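Have a look at final_16.tsv below; it lists TSV, C-alpha atoms.
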```tsv
chain	number	residue	atom	x	y	z
A	1	MET	CA	-24.85	1.49	-10.95
A	2	ARG	CA	-24.58	4.48	-8.63
A	3	LYS	CA	-21.33	6.02	-7.49
A	4	LEU	CA	-20.06	4.87	-4.12
A	5	ARG	CA	-19.93	7.60	-1.49
A	6	MET	CA	-16.53	8.17	0.11
A	7	GLY	CA	-15.48	9.71	3.40
A	8	LEU	CA	-11.96	10.78	4.31
A	9	VAL	CA	-10.14	10.77	7.65
A	10	GLY	CA	-7.11	13.04	7.45
A	11	GLY	CA	-5.94	14.43	4.14
A	12	GLY	CA	-6.32	18.08	5.04
A	13	PRO	CA	-3.94	20.99	4.45
A	14	GLY	CA	-0.39	19.88	3.69
A	15	SER	CA	-1.27	16.21	3.18
A	16	PHE	CA	0.47	14.58	0.22
A	17	ILE	CA	-1.17	11.18	0.40
A	18	GLY	CA	-4.67	12.48	1.12
A	19	ARG	CA	-4.81	14.29	-2.20
A	20	ILE	CA	-3.50	11.21	-4.01
A	21	HIS	CA	-6.19	9.02	-2.43
A	22	ARG	CA	-8.95	11.43	-3.38
A	23	ILE	CA	-7.84	11.70	-7.02
A	24	ALA	CA	-7.32	7.95	-7.35
A	25	ALA	CA	-10.63	7.10	-5.72
A	26	GLU	CA	-12.54	9.31	-8.15
A	27	LEU	CA	-10.46	8.62	-11.26
A	28	ASP	CA	-12.78	6.10	-12.89
A	29	GLY	CA	-16.01	7.82	-11.93
A	30	GLU	CA	-17.10	5.03	-9.58
A	31	ALA	CA	-16.96	7.05	-6.35
A	32	GLU	CA	-17.17	10.60	-5.07
A	33	LEU	CA	-15.99	12.28	-1.89
A	34	VAL	CA	-19.03	13.37	0.14
A	35	CYS	CA	-17.70	13.92	3.64
A	36	GLY	CA	-14.59	14.06	5.77
A	37	ALA	CA	-12.92	14.62	9.09
A	38	LEU	CA	-10.02	16.24	7.31
A	39	SER	CA	-8.16	17.69	10.27
A	40	SER	CA	-8.16	17.40	14.05
A	41	ASP	CA	-8.85	21.15	14.03
A	42	ALA	CA	-12.52	21.84	13.21
A	43	ARG	CA	-11.81	25.08	11.35
A	44	ARG	CA	-9.10	23.49	9.20
A	45	SER	CA	-11.41	20.55	8.50
A	46	ARG	CA	-14.08	22.95	7.19
A	47	GLU	CA	-11.51	24.79	5.08
A	48	ALA	CA	-10.24	21.54	3.59
A	49	GLY	CA	-13.80	20.41	2.96
A	50	SER	CA	-14.46	23.61	1.04
A	51	ALA	CA	-11.33	23.02	-1.07
A	52	TYR	CA	-12.57	19.48	-1.81
A	53	HIS	CA	-16.10	20.79	-2.58
A	54	VAL	CA	-17.62	18.90	0.35
A	55	ASP	CA	-20.91	20.13	1.81
A	56	PRO	CA	-19.87	22.26	4.84
A	57	ALA	CA	-22.34	20.33	7.00
A	58	ARG	CA	-20.38	17.16	6.22
A	59	ALA	CA	-16.90	18.50	6.98
A	60	TYR	CA	-16.75	17.11	10.49
A	61	ALA	CA	-14.68	18.07	13.52
A	62	SER	CA	-13.74	14.44	14.28
A	63	TYR	CA	-14.03	11.00	12.76
A	64	ALA	CA	-16.19	9.84	15.68
A	65	GLN	CA	-18.65	12.65	14.91
A	66	MET	CA	-18.54	11.77	11.21
A	67	PHE	CA	-19.31	8.07	11.70
A	68	ALA	CA	-22.22	8.81	14.05
A	69	ALA	CA	-23.67	11.53	11.81
A	70	GLU	CA	-23.27	9.54	8.61
A	71	GLN	CA	-24.81	6.43	10.15
A	72	ALA	CA	-27.86	8.54	11.09
A	73	LEU	CA	-28.40	9.70	7.50
A	74	PRO	CA	-30.82	7.90	5.16
A	75	ALA	CA	-29.19	4.99	3.36
A	76	GLU	CA	-29.34	6.79	0.02
A	77	GLN	CA	-27.22	9.66	1.40
A	78	ARG	CA	-24.71	8.22	3.87
A	79	MET	CA	-21.17	7.34	2.91
A	80	ASP	CA	-20.34	3.76	1.89
A	81	PHE	CA	-16.66	3.67	2.85
A	82	VAL	CA	-13.93	5.75	4.43
A	83	ALA	CA	-10.29	6.21	3.44
A	84	ILE	CA	-7.90	6.72	6.35
A	85	VAL	CA	-4.85	8.77	5.37
A	86	THR	CA	-3.47	9.81	8.75
A	87	PRO	CA	-0.06	9.03	10.30
A	88	ASN	CA	0.30	5.41	11.41
A	89	HIS	CA	-0.69	5.92	15.05
A	90	LEU	CA	-4.10	7.16	13.90
A	91	HIS	CA	-5.00	4.20	11.66
A	92	TYR	CA	-6.41	1.64	14.08
A	93	GLU	CA	-9.04	3.57	16.01
A	94	PRO	CA	-10.85	5.20	13.06
A	95	ALA	CA	-10.69	1.96	11.05
A	96	GLN	CA	-12.11	-0.07	13.93
A	97	LEU	CA	-14.81	2.52	14.65
A	98	ALA	CA	-15.78	2.75	10.98
A	99	LEU	CA	-16.26	-1.03	10.79
A	100	GLU	CA	-18.37	-0.93	13.98
A	101	HIS	CA	-20.61	1.68	12.33
A	102	GLY	CA	-21.04	-0.45	9.20
A	103	PHE	CA	-18.65	1.35	6.86
A	104	HIS	CA	-16.03	-0.26	4.64
A	105	VAL	CA	-12.44	0.93	4.96
A	106	VAL	CA	-9.40	1.82	2.86
A	107	VAL	CA	-6.30	2.43	4.96
A	108	ASP	CA	-2.87	3.56	3.91
A	109	LYS	CA	0.05	1.27	4.70
A	110	PRO	CA	1.38	0.15	7.07
A	111	LEU	CA	-1.89	-1.08	8.48
A	112	CYS	CA	-1.43	0.11	12.06
A	113	PHE	CA	0.94	1.48	14.65
A	114	SER	CA	1.74	-1.96	16.11
A	115	LEU	CA	1.34	-5.65	15.41
A	116	ALA	CA	-1.04	-5.96	18.36
A	117	GLU	CA	-3.31	-3.30	16.82
A	118	ALA	CA	-3.15	-5.13	13.49
A	119	HIS	CA	-4.42	-8.35	15.04
A	120	GLU	CA	-7.21	-6.46	16.81
A	121	LEU	CA	-8.23	-4.80	13.55
A	122	GLN	CA	-8.25	-8.16	11.78
A	123	ALA	CA	-10.66	-9.41	14.44
A	124	ALA	CA	-12.82	-6.31	13.89
A	125	VAL	CA	-12.98	-7.01	10.15
A	126	GLU	CA	-14.03	-10.59	10.83
A	127	ARG	CA	-16.69	-9.53	13.35
A	128	SER	CA	-18.18	-6.85	11.11
A	129	GLY	CA	-17.91	-8.69	7.81
A	130	GLY	CA	-16.82	-5.39	6.26
A	131	VAL	CA	-14.40	-4.94	3.38
A	132	LEU	CA	-10.98	-3.46	4.12
A	133	ALA	CA	-8.23	-2.59	1.63
A	134	VAL	CA	-4.61	-1.58	2.31
A	135	THR	CA	-2.95	0.59	-0.31
A	136	TYR	CA	0.15	-1.36	-1.26
A	137	THR	CA	0.16	0.81	-4.33
A	138	TYR	CA	2.77	-0.84	-6.51
A	139	SER	CA	0.77	-4.05	-6.82
A	140	GLY	CA	-1.71	-1.99	-8.85
A	141	TYR	CA	0.56	-1.45	-11.86
A	142	PRO	CA	-0.54	-3.32	-15.02
A	143	LEU	CA	2.89	-4.80	-15.68
A	144	ILE	CA	3.20	-5.98	-12.08
A	145	LYS	CA	-0.04	-7.86	-12.75
A	146	GLU	CA	1.54	-9.23	-15.93
A	147	ALA	CA	4.71	-10.28	-14.11
A	148	ARG	CA	2.63	-12.14	-11.54
A	149	ALA	CA	0.63	-13.86	-14.29
A	150	LEU	CA	3.77	-14.90	-16.18
A	151	ILE	CA	5.24	-16.50	-13.06
A	152	GLN	CA	1.94	-18.23	-12.25
A	153	ALA	CA	1.90	-19.61	-15.79
A	154	GLY	CA	5.41	-21.03	-15.37
A	155	ARG	CA	7.03	-18.83	-18.02
A	156	ILE	CA	10.28	-18.48	-16.03
A	157	GLY	CA	10.11	-21.83	-14.26
A	158	ALA	CA	10.34	-22.35	-10.53
A	159	VAL	CA	11.52	-19.18	-8.77
A	160	ARG	CA	15.05	-19.33	-7.39
A	161	LYS	CA	16.08	-15.76	-6.55
A	162	ILE	CA	14.28	-12.49	-5.78
A	163	HIS	CA	15.92	-9.07	-5.59
A	164	VAL	CA	13.81	-6.13	-4.44
A	165	GLU	CA	15.36	-2.73	-3.86
A	166	TYR	CA	13.71	0.48	-2.73
A	167	PRO	CA	16.15	3.41	-2.46
A	168	GLN	CA	15.02	6.94	-1.62
A	169	GLY	CA	17.17	9.94	-0.73
A	170	TRP	CA	14.74	12.40	0.82
A	171	LEU	CA	15.87	11.62	4.41
A	172	ALA	CA	19.58	11.86	3.66
A	173	THR	CA	19.72	14.93	5.93
A	174	ASP	CA	17.96	15.97	9.14
A	175	ILE	CA	14.97	17.56	7.43
A	176	GLU	CA	12.72	16.60	10.32
A	177	GLY	CA	14.79	19.02	12.41
A	178	SER	CA	13.55	21.87	10.25
A	179	GLY	CA	9.93	20.88	10.85
A	180	GLN	CA	9.25	19.22	7.49
A	181	LYS	CA	5.82	17.69	8.13
A	182	GLN	CA	6.17	14.38	6.30
A	183	ALA	CA	9.62	13.70	7.75
A	184	SER	CA	8.63	14.76	11.27
A	185	TRP	CA	6.00	12.11	11.86
A	186	ARG	CA	7.73	9.36	9.87
A	187	THR	CA	10.83	9.63	12.05
A	188	ASP	CA	8.86	9.86	15.31
A	189	PRO	CA	8.35	6.46	16.98
A	190	THR	CA	5.27	7.77	18.82
A	191	LYS	CA	3.57	8.38	15.45
A	192	SER	CA	5.25	6.01	12.98
A	193	GLY	CA	5.58	2.97	15.21
A	194	ALA	CA	8.62	0.76	15.63
A	195	GLY	CA	9.72	0.94	11.98
A	196	GLY	CA	11.19	3.85	10.08
A	197	ALA	CA	12.30	3.01	6.55
A	198	ILE	CA	11.17	-0.60	6.97
A	199	GLY	CA	7.64	0.49	7.81
A	200	ASP	CA	7.40	3.28	5.26
A	201	ILE	CA	8.94	1.59	2.21
A	202	GLY	CA	10.24	-1.81	3.34
A	203	THR	CA	6.70	-3.11	3.70
A	204	HIS	CA	6.02	-2.07	0.09
A	205	ALA	CA	9.09	-4.00	-1.07
A	206	ALA	CA	8.21	-7.13	0.88
A	207	HIS	CA	4.61	-7.08	-0.32
A	208	LEU	CA	5.70	-6.64	-3.93
A	209	ALA	CA	8.16	-9.55	-3.73
A	210	GLU	CA	5.49	-11.88	-2.35
A	211	TYR	CA	2.70	-10.62	-4.61
A	212	VAL	CA	4.63	-11.07	-7.85
A	213	SER	CA	6.43	-14.31	-7.01
A	214	GLY	CA	3.46	-15.99	-5.34
A	215	LEU	CA	5.83	-17.10	-2.57
A	216	ARG	CA	5.88	-16.20	1.11
A	217	ILE	CA	8.90	-15.03	3.04
A	218	THR	CA	9.65	-17.57	5.79
A	219	ARG	CA	12.93	-16.34	7.33
A	220	ILE	CA	14.81	-13.05	7.55
A	221	ASP	CA	18.40	-12.09	8.35
A	222	ALA	CA	18.30	-8.30	8.72
A	223	MET	CA	20.53	-5.34	9.44
A	224	LEU	CA	19.09	-1.94	10.38
A	225	ASN	CA	20.98	1.35	10.43
A	226	THR	CA	20.25	4.91	11.50
A	227	PHE	CA	22.70	7.23	9.75
A	228	ILE	CA	21.40	10.64	10.78
A	229	PRO	CA	22.54	11.62	14.30
A	230	GLY	CA	19.61	11.99	16.68
A	231	ARG	CA	17.13	10.21	14.41
A	232	ARG	CA	15.08	7.78	16.49
A	233	LEU	CA	14.10	5.23	13.85
A	234	ASP	CA	15.91	3.25	11.17
A	235	ASP	CA	16.58	5.04	7.89
A	236	ASP	CA	18.35	2.15	6.14
A	237	ALA	CA	17.69	-1.60	5.99
A	238	SER	CA	19.29	-4.58	4.25
A	239	MET	CA	18.31	-8.20	4.61
A	240	LEU	CA	18.59	-11.70	3.25
A	241	LEU	CA	15.35	-13.60	2.74
A	242	ARG	CA	14.22	-17.21	2.50
A	243	PHE	CA	10.95	-18.04	0.76
A	244	ASP	CA	8.79	-21.12	0.93
A	245	GLY	CA	9.82	-23.53	-1.79
A	246	GLY	CA	13.49	-22.76	-1.17
A	247	ALA	CA	13.95	-19.52	-3.12
A	248	SER	CA	16.36	-16.97	-1.66
A	249	GLY	CA	16.15	-13.20	-1.80
A	250	VAL	CA	17.68	-9.84	-1.01
A	251	LEU	CA	15.70	-6.78	0.14
A	252	VAL	CA	17.11	-3.27	0.52
A	253	ALA	CA	15.02	-0.35	1.76
A	254	THR	CA	16.83	2.90	2.38
A	255	GLN	CA	15.85	6.56	2.63
A	256	ILE	CA	19.35	8.01	2.93
A	257	ALA	CA	20.53	7.21	-0.64
A	258	ALA	CA	21.34	10.81	-1.58
A	259	GLY	CA	20.11	11.71	-5.06
A	260	GLU	CA	17.60	8.86	-5.36
A	261	GLU	CA	13.94	9.69	-5.85
A	262	ASN	CA	11.66	6.64	-5.62
A	263	ASN	CA	13.63	3.99	-7.46
A	264	LEU	CA	11.80	0.80	-6.52
A	265	SER	CA	12.89	-2.21	-8.59
A	266	LEU	CA	12.16	-5.93	-8.65
A	267	ARG	CA	13.95	-8.86	-10.29
A	268	VAL	CA	12.68	-12.43	-10.09
A	269	HIS	CA	14.91	-15.21	-11.42
A	270	GLY	CA	13.52	-18.66	-12.23
A	271	GLU	CA	14.91	-21.90	-13.64
A	272	THR	CA	14.30	-20.89	-17.25
A	273	GLY	CA	14.15	-17.10	-17.22
A	274	SER	CA	13.66	-13.89	-15.27
A	275	ILE	CA	11.57	-10.75	-15.10
A	276	GLU	CA	12.62	-7.22	-14.20
A	277	TRP	CA	10.47	-4.16	-13.40
A	278	ARG	CA	11.50	-0.67	-12.31
A	279	HIS	CA	9.24	2.03	-10.96
A	280	ALA	CA	11.25	4.64	-12.83
A	281	GLU	CA	9.92	3.06	-16.05
A	282	PRO	CA	6.74	1.31	-14.93
A	283	ASN	CA	5.30	0.79	-18.40
A	284	SER	CA	8.05	-1.66	-19.36
A	285	LEU	CA	8.61	-5.20	-18.12
A	286	VAL	CA	11.79	-7.02	-19.14
A	287	LEU	CA	11.39	-10.74	-19.79
A	288	ARG	CA	14.57	-12.76	-20.21
A	289	LEU	CA	14.21	-16.38	-21.24
A	290	ARG	CA	17.04	-18.88	-21.51
A	291	ASP	CA	18.28	-19.24	-25.13
A	292	ALA	CA	15.91	-16.53	-26.41
A	293	PRO	CA	16.18	-12.81	-27.17
A	294	VAL	CA	15.38	-10.36	-24.40
A	295	GLN	CA	11.79	-9.10	-24.61
A	296	ILE	CA	10.45	-5.76	-23.39
A	297	LEU	CA	6.72	-5.92	-22.73
A	298	ARG	CA	4.79	-2.66	-22.75
A	299	THR	CA	1.66	-1.48	-20.96
A	300	GLY	CA	-1.48	-1.43	-23.12
A	301	SER	CA	-0.17	-3.89	-25.72
A	302	PRO	CA	-2.59	-6.52	-27.05
A	303	TYR	CA	-0.23	-9.42	-26.23
A	304	LEU	CA	-0.58	-8.87	-22.48
A	305	GLY	CA	-2.88	-11.02	-20.37
A	306	ALA	CA	-6.42	-10.30	-19.25
A	307	VAL	CA	-5.52	-9.07	-15.75
A	308	ALA	CA	-3.01	-6.51	-17.04
A	309	ALA	CA	-5.54	-5.39	-19.67
A	310	ARG	CA	-8.26	-4.92	-17.05
A	311	ASN	CA	-5.93	-2.63	-15.11
A	312	THR	CA	-4.98	-0.47	-18.11
A	313	ARG	CA	-6.88	2.58	-19.32
A	314	THR	CA	-4.98	3.85	-22.36
A	315	PRO	CA	-3.48	2.47	-25.60
A	316	PRO	CA	0.23	1.61	-25.94
A	317	GLY	CA	2.55	4.60	-25.74
A	318	HIS	CA	0.29	6.58	-23.40
A	319	PRO	CA	2.05	6.23	-20.04
A	320	GLU	CA	0.14	5.24	-16.94
A	321	GLY	CA	1.68	5.76	-13.53
A	322	TYR	CA	1.34	6.11	-9.78
A	323	ILE	CA	-2.16	7.56	-9.54
A	324	GLU	CA	-3.52	5.00	-11.99
A	325	ALA	CA	-1.95	2.18	-9.96
A	326	PHE	CA	-3.57	3.63	-6.84
A	327	ALA	CA	-6.87	3.82	-8.71
A	328	ASN	CA	-6.61	0.16	-9.70
A	329	ILE	CA	-6.59	-0.82	-6.03
A	330	TYR	CA	-9.64	1.39	-5.42
A	331	THR	CA	-11.48	-0.06	-8.41
A	332	ALA	CA	-10.82	-3.63	-7.25
A	333	PHE	CA	-11.96	-2.63	-3.76
A	334	TYR	CA	-15.17	-1.21	-5.26
A	335	ARG	CA	-15.91	-4.56	-6.90
A	336	GLY	CA	-15.64	-6.12	-3.47
A	337	VAL	CA	-17.87	-3.48	-1.87
A	338	ARG	CA	-20.55	-3.95	-4.53
A	339	ALA	CA	-20.38	-7.73	-4.14
A	340	HIS	CA	-20.74	-7.30	-0.38
A	341	ALA	CA	-23.88	-5.21	-0.95
A	342	ASP	CA	-25.26	-8.13	-2.98
A	343	GLY	CA	-24.69	-10.46	-0.04
A	344	ALA	CA	-21.33	-11.99	-0.94
A	345	LYS	CA	-18.62	-12.79	1.59
A	346	VAL	CA	-15.66	-10.91	0.12
A	347	ASP	CA	-12.18	-12.44	-0.07
A	348	PRO	CA	-9.83	-9.63	-1.24
A	349	ARG	CA	-7.68	-12.16	-3.13
A	350	GLU	CA	-10.59	-12.94	-5.44
A	351	TYR	CA	-10.93	-9.25	-6.32
A	352	ASP	CA	-7.15	-8.64	-6.47
A	353	PHE	CA	-6.67	-5.92	-3.89
A	354	PRO	CA	-4.52	-6.03	-0.73
A	355	GLY	CA	-6.74	-6.81	2.23
A	356	ILE	CA	-6.52	-7.19	5.98
A	357	ALA	CA	-4.31	-10.29	5.75
A	358	ASP	CA	-1.79	-8.32	3.67
A	359	GLY	CA	-1.88	-5.51	6.21
A	360	VAL	CA	-1.26	-7.86	9.13
A	361	ARG	CA	1.54	-9.53	7.20
A	362	GLY	CA	3.17	-6.14	6.65
A	363	MET	CA	3.12	-5.46	10.38
A	364	THR	CA	4.51	-8.95	11.04
A	365	PHE	CA	7.31	-8.17	8.60
A	366	ILE	CA	8.26	-5.02	10.55
A	367	ASP	CA	8.28	-7.00	13.78
A	368	ALA	CA	10.40	-9.82	12.31
A	369	VAL	CA	12.94	-7.42	10.79
A	370	ILE	CA	13.42	-5.60	14.09
A	371	ARG	CA	13.74	-8.87	16.00
A	372	SER	CA	16.29	-10.13	13.47
A	373	ALA	CA	18.33	-6.93	13.55
A	374	GLN	CA	18.47	-7.00	17.35
A	375	SER	CA	19.35	-10.68	17.54
A	376	GLN	CA	22.72	-12.42	17.41
A	377	GLN	CA	21.03	-15.32	15.67
A	378	LYS	CA	21.54	-15.46	11.91
A	379	TRP	CA	17.95	-16.20	10.85
A	380	THR	CA	14.62	-15.08	12.33
A	381	GLU	CA	11.38	-16.87	11.54
A	382	PHE	CA	8.71	-14.89	9.71
A	383	ALA	CA	5.36	-16.57	10.35
```
Would you write out, as structure tokens, the structure that this file holds?
Amino acid sequence: MRKLRMGLVGGGPGSFIGRIHRIAAELDGEAELVCGALSSDARRSREAGSAYHVDPARAYASYAQMFAAEQALPAEQRMDFVAIVTPNHLHYEPAQLALEHGFHVVVDKPLCFSLAEAHELQAAVERSGGVLAVTYTYSGYPLIKEARALIQAGRIGAVRKIHVEYPQGWLATDIEGSGQKQASWRTDPTKSGAGGAIGDIGTHAAHLAEYVSGLRITRIDAMLNTFIPGRRLDDDASMLLRFDGGASGVLVATQIAAGEENNLSLRVHGETGSIEWRHAEPNSLVLRLRDAPVQILRTGSPYLGAVAARNTRTPPGHPEGYIEAFANIYTAFYRGVRAHADGAKVDPREYDFPGIADGVRGMTFIDAVIRSAQSQQKWTEFA
């Protein structure tokens, strides 16, 4: 089984997420980076390609040039898929063009700049038959897989209440005013889209709540704030949620919680018990059952289920974290790509990676939250 050949759009000098994608994609030895349009500046793209050990002839000046040149190569040389790690406003066009040229796609979340683009990209996926993954990273953790399996098996009974909280503190001051690259584009509505904190981290929280619980959010009552004077997008969000089946929920996504790092947490309460997971300690899952001692489940332990085991690389006591979770999404995506090469029609749910439907749902979430926050009506429907 040969390695899949990967291309990269974005991810050049100064990119945080580009480096993460490259490491995660290659972690299990199933893929290798062979080409890239790593910067909109041709010279910087070549320099980044050299740093990534890419053949200089395949460090392209633009993604359009890359797709055309790679498509012209013999099948045994051309890339199989491309990862798009640019700011949000540069997701749709390269993803759509890649699919048109016959390449599979991994795109960072949120899927696109706007909901309209998301629907257009979904149509492009359906037309091409290609495989597309969206990196909702936290769904890749082994104990998130275990939590999902426990709920599916009825271990905590019917779900009643979901709390998901994602506090960060890195935007507690006007760092975009000093030219900080990551802050500058994330707080710019011409690059980020309509959502600030809700697009950057709120979509992660909403996806995690639905992925683990198996329920879908149906209604939202949201409040958005912008605390930093002059900032053009929300930096703080709080909302009440309704799920199908009647469960209620609370979601908080804030980037102005001074002192916080990346403290994502999830609690799901059912009729007979509850689960709790925190990103600060991702190798532990707390299981509380009615009239029973509290249990702390640990990554790599033999009592975990098959899905958690398949997404674990090391024995108990050897911590696995963010890059490994990222790699789990890539590895699941690779299973889909290989199945596609064998003629299968790939449903991402069967391979357990977030696909185009998850990406569109994330964009719909942003739209619904903004509509709710701007409305005088208590509840806003989330289709």
Hey, what's within 12 Å of Ala59 in chain A if we count only C-alpha atoms and toss same-chain stuff fewer than 2 positions away? As an NGL selection string, please?
:A and (7-10 or 12 or 33-57 or 61-63 or 65-67 or 69-70)
Saved selection, atoms kept: C-alpha atoms, as a short mmCIF file (atom, residue, chain, number, x, y, z; two decimals), in the frame of the given file:
```cif
data_model
loop_
_atom_site.label_atom_id
_atom_site.label_comp_id
_atom_site.auth_asym_id
_atom_site.auth_seq_id
_atom_site.Cartn_x
_atom_site.Cartn_y
_atom_site.Cartn_z
CA GLY A 7 -15.48 9.71 3.40
CA LEU A 8 -11.96 10.78 4.31
CA VAL A 9 -10.14 10.77 7.65
CA GLY A 10 -7.11 13.04 7.45
CA GLY A 12 -6.32 18.08 5.04
CA LEU A 33 -15.99 12.28 -1.89
CA VAL A 34 -19.03 13.37 0.14
CA CYS A 35 -17.70 13.92 3.64
CA GLY A 36 -14.59 14.06 5.77
CA ALA A 37 -12.92 14.62 9.09
CA LEU A 38 -10.02 16.24 7.31
CA SER A 39 -8.16 17.69 10.27
CA SER A 40 -8.16 17.40 14.05
CA ASP A 41 -8.85 21.15 14.03
CA ALA A 42 -12.52 21.84 13.21
CA ARG A 43 -11.81 25.08 11.35
CA ARG A 44 -9.10 23.49 9.20
CA SER A 45 -11.41 20.55 8.50
CA ARG A 46 -14.08 22.95 7.19
CA GLU A 47 -11.51 24.79 5.08
CA ALA A 48 -10.24 21.54 3.59
CA GLY A 49 -13.80 20.41 2.96
CA SER A 50 -14.46 23.61 1.04
CA ALA A 51 -11.33 23.02 -1.07
CA TYR A 52 -12.57 19.48 -1.81
CA HIS A 53 -16.10 20.79 -2.58
CA VAL A 54 -17.62 18.90 0.35
CA ASP A 55 -20.91 20.13 1.81
CA PRO A 56 -19.87 22.26 4.84
CA ALA A 57 -22.34 20.33 7.00
CA ALA A 61 -14.68 18.07 13.52
CA SER A 62 -13.74 14.44 14.28
CA TYR A 63 -14.03 11.00 12.76
CA GLN A 65 -18.65 12.65 14.91
CA MET A 66 -18.54 11.77 11.21
CA PHE A 67 -19.31 8.07 11.70
CA ALA A 69 -23.67 11.53 11.81
CA GLU A 70 -23.27 9.54 8.61
#
```
Counting only C-alpha atoms, which of A:Glu165, A:Asp28, A:Asp80, A:Asp235 gets nearest to Asn311 in chain A?
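Once distances to Asn311 in chain A are computed over only C-alpha atoms, the minimum belongs to A:Asp28.
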Closest to Arg2 in chain A among A:Lys181, A:Ala24, A:Tyr334, A:Arg278, using only C-alpha atoms?
A:Tyr334
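Minimum atom-to-atom distances from A:Leu215, A:Val106, A:Ile329, A:Ala257 to Ala158 in chain A were compared using all atoms listed in the file, and the lowest value belongs to A:Leu215.
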Distance of CA of Gly179 in chain A from CA of Arg22 in chain A, expressed in Å to one decimal place:
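Separation between CA of Arg22 in chain A and CA of Gly179 in chain A: 25.5 Å.
Contact shell of Ala280 in chain A at 8 Å (all atoms listed in the file; same-chain neighbours under 3 positions omitted): Asn262, Asn263 and Leu264 of chain A.
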Residues from the last selection, C-alpha atoms, saved as a PDB file, keeping the file's coordinate frame:
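result_30.pdb written:
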```
ATOM      1  CA  ASN A 262      11.660   6.640  -5.620  1.00  0.00           C
ATOM      2  CA  ASN A 263      13.630   3.990  -7.460  1.00  0.00           C
ATOM      3  CA  LEU A 264      11.800   0.800  -6.520  1.00  0.00           C
TER       4      LEU A 264
END
```
Find the distance between CA of Thr254 in chain A and CA of Glu320 in chain A and write it in Å to one decimal.
25.6 Å
Pairwise distance for CA of Arg186 in chain A and CA of Ile17 in chain A, rounded to one decimal in Å
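So the answer is 13.1 Å.
Residue nearest Val268 in chain A within the list A:Ser248, A:Thr299, A:Ser15, A:Ser114: A:Ser248 [criterion: smallest interatomic distance, all atoms listed in the file].
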Return the single residue from A:His279, A:His91, A:Lys191, A:Arg298 that is closest to Gly321 in chain A, with distances computed using only C-alpha atoms.
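So, comparing all the options, the nearest one is A:His279.
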Close residues, Ser128 in chain A itself excluded, 10 Å, all atoms listed in the file, min 3 positions apart in chain, as number ranges by chain:
A: 96, 98-104, 123-125, 131
Counting all atoms listed in the file, which residue out of A:His21, A:Ala368, A:Ala292, A:Ala237 sits closest to Met223 in chain A?
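Among the listed residues, A:Ala237 lies closest to Met223 in chain A.
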Listed atoms of range 316-331 of chain A boxed along x, y and z, 8 Å each side, centre and edge lengths in Å, one decimal, as AutoDock Vina command-line options:
```
--center_x -4.5 --center_y 3.4 --center_z -15.7 --size_x 30.0 --size_y 24.4 --size_z 36.5
```
